[in-house]
Amino acid sequence: MSLLLGQIVDALGGTLEGGAREVEISRIAPLESAGPGDLSFLSNPRYQQQLAASKAACVIVAPALRDAAVARGACIVADNPYVYFARATQLWKQRHAPAMPVGVHPSAVVDPSAEVDPTATIGPLCVVERGACIGAGTVLKSRVTVGENCQVGARCILHAGVVIGADGFGFAPESGAWVKIEQLGAVRIGDDVEIGANTCIDRGALEDTVIEEGVKLDNLIQIGHNVRVGRHAAMAGCVGVAGSATIGAHCTVGGGAIVLGHLALADNVHISAATVVTRSLTQPGLYTGMFPIDENAKWEKNAATLKQLHGLRERIKALEQALKAAQENGTR
Amino acid sequence: MSLLLGQIVDALGGTLEGGAREVEISRIAPLESAGPGDLSFLSNPRYQQQLAASKAACVIVAPALRDAAVARGACIVADNPYVYFARATQLWKQRHAPAMPVGVHPSAVVDPSAEVDPTATIGPLCVVERGACIGAGTVLKSRVTVGENCQVGARCILHAGVVIGADGFGFAPESGAWVKIEQLGAVRIGDDVEIGANTCIDRGALEDTVIEEGVKLDNLIQIGHNVRVGRHAAMAGCVGVAGSATIGAHCTVGGGAIVLGHLALADNVHISAATVVTRSLTQPGLYTGMFPIDENAKWEKNAATLKQLHGLRERIKALEQALKAAQENGTR
Amino acid sequence: MSLLLGQIVDALGGTLEGGAREVEISRIAPLESAGPGDLSFLSNPRYQQQLAASKAACVIVAPALRDAAVARGACIVADNPYVYFARATQLWKQRHAPAMPVGVHPSAVVDPSAEVDPTATIGPLCVVERGACIGAGTVLKSRVTVGENCQVGARCILHAGVVIGADGFGFAPESGAWVKIEQLGAVRIGDDVEIGANTCIDRGALEDTVIEEGVKLDNLIQIGHNVRVGRHAAMAGCVGVAGSATIGAHCTVGGGAIVLGHLALADNVHISAATVVTRSLTQPGLYTGMFPIDENAKWEKNAATLKQLHGLRERIKALEQALKAAQENGTR
């Protein structure tokens, strides 16, 4: 498993400086642990001091760091070193790890009425139900379910255990029990979407749940019925989005956050990890709500006091008034 | 895909007014987006002004709204429009989407000692282990596991990826390592229970984990060992219920909430989303505990201050005493 | 299904007192519900008053409780009654529940290049990908995926739906879209690790994600890429650990907690349920951060006030200064 520096720049562009095209790269590695056979990268100028100390065979750097990098040894100068690094991992994988074979694995269960593009890959033990549609170049890893009439676009990756198109959670209460609302919509997933292991996207109640192009979802995420996730939004693991919420384009949602139902997040809204979104957010920006971690004993005192917080505010108000009265008395 | 209004009221009851039995319905749709071929419903009187504007072919309404609805066009008058709508979705599905075929899919792995009712449906790539029992009319969608000796009642729906009867999480600490406590109980699930995709219900340690009749669980929920969930309780996605907790009948638990172990929730307790239940709740009611979301910069200030909250209370007390002393001095 | 008391002490040690070796045990049961055919245990001296009232055939007790236990009837005296109970459940299971047959279930999909120890068990509908390695005595229950080149040690248990080695969540932003960073690392899992249903452990980006020996993970946990979990750590259900975090040996993480990326937790750090770890923790101890649950109406008042908390602190400061000024005026 190796690539020459010359092969890398021939494939990905950028300028090789301070080293020979024939240098053999045996691994891609982080700057701090890279050894003499490794390609590394420096994307954050804050870590510039790590550059001189790195033993990497070659470091991908931005133009501004070209001189410092050449002083150390070989480098590839690229406008966006982090993106260049990403493409290098793609090149590496393409050269060294044979892709899953295109087509339907014999152990998968694909309904005859489903439309699977001939360039798609349906991995072992997947289920593609009646009327579902899988686009060109899309890969379903093992044990993925795509439910009835759901559509998955082109060049998507669905990791193991993903469930697309389970019934949304809808029930009408009657005499203390629940009457099922059949979920008559489906799920529509755009192109270039990636969905992490064991993540679930429910079908819509009457209309479709929609995941727009370029969305990236991590593992163990729950997307409720009728949700719309805007293009190029990204969500980290364990997020829950309740029914009929709308997430704008380019939004990011941190791990474990919860978005309540029927809310709308504008484009470019960013939600911190473990935050509960309880109202629509119409302005771009970063929003947060999490209880700060502390030593348990300190937390207990503060949490107990928190339950009296409204009362404390009233006491502060009373103090302010009393003090004002006292001062007025004093000046009279 | 269509139904006549006459077919709908023949099947579901209610009174058709202001329109003909022969009107053809091609879809069920929300009031605001319904078109001239659609059946819709108005369950919340607050949205009454949407009624006049709706283009729906027919609207399901409560008796009190009969006159307003007839003034607009066809309507079905029903005592509980939301429940009527739910039953209409069921009728729609029954007429237009052929059910999964009853019986065991050839790709499923069912132990010969398991008892599967002949009217049950075991979908593709499901696993039903030794001694498990699946009741009449119950449907296991794709890739469901029902573990050894676990029982699932009649008319249940288990969505893709559900795991019933994995081992509960039980270990005894010994010399810094963990000794496994074998989980000798099973899981018993009542009739008419629905369980969402990738939800897990662990088997009991010594006795059984119990899910009573009519319970509805959304996706990606974790139910620990020895838990008992009372009849007709409902939980939204990403909830975690720790071992030996007891959830009363008709309780609801919002998405992402956590119930700690060994607690008891009375009947009709309702827990808001993302709330952590840290004590037993003996009275019905709505309980909440979540950090309010805010712009990140504001949150940072408030969160930092929160860690001094107990100290602030002490300062308020001191102020009150000082002021009182000053006032007493002043009156002397 | 029964065992004689004599068989139990022969297999597990301990001293049988106050009862005959021939007494037949038909079940292991909690102290409060144990009947006359049951073996029970008392691990917490706080519950000593339950001992006299118990109807159990035999109770496992610590040496200090030997006399109280003999006064009631048969007991097994063991240094650590809880560990003895754990081993008794193991004996019970071994005698009464035939283990899954060793070897690869015919419905599993195992790549020819994977190395599966002949003493390992690969359950129904599992997937073991190219180059993966499964150690001696390890059991993959049903529907487990072990991805390319991932290694699982000896005597591990992976419950249904587990996904080892899905791609870590890594993307480089470019012009408003995301460029995939191929995940070139794998997952290495030590010996004696147990992993709960539908839990996911992602492969590393460049190096491996590592789970050290003896770690116990509950259900529906997300472990991000490049994480290292130290030996004998334990995590309850629904925990999320973001990428590149390091969890020390013997740590415990409560249900629903979130550990942010790139943090380090020292050995013997304990995190309460639902707590968000936002900074590295270098000292052993118990850490907590959760909003206290309250009746909804009270919560609303306190939560609203919380958003003014920083302002309240400023008002307290102002009061303190004003009062001080007033006092100084008064003394002048």
# chains A, B, ... in the order shown; residues from 1 in each chain; ligands from 1
$ residues_around --residues "His225 (chain B)" --least-positions-apart "3" --cutoff "6 Å" --atoms "only C-alpha atoms" --output "ChimeraX atom specification"
/B:168,202-204,209,243
$ residues_around --residues "region 305-318 of chain B" --least-positions-apart "3" --cutoff "7 Å" --atoms "only C-alpha atoms" --output "list in words"
Lys301, Asn302 and Thr305 of chain A; Lys301, Asn302, Gln321 and Ala322 of chain B; Leu309 and His310 of chain C
$ interface_residues --of "chain B" --to "chain A" --cutoff "8 Å" --atoms "only C-alpha atoms" --output "count of residues only"
56
$ select_by_dssp --residues "region 155-259 of chain A" --states "strand (DSSP E)" --output "PyMOL selection string"
chain A and resi 157-158+163-166+171-174+177-180+187-189+194-195+200-202+209-211+216-217+222-223+228-229+234-235+240-241+246-247+252-253+258-259
$ atom_distance --atom1 "CA of Gln49 (chain C)" --atom2 "CA of Ile76 (chain C)"
17.7 Å
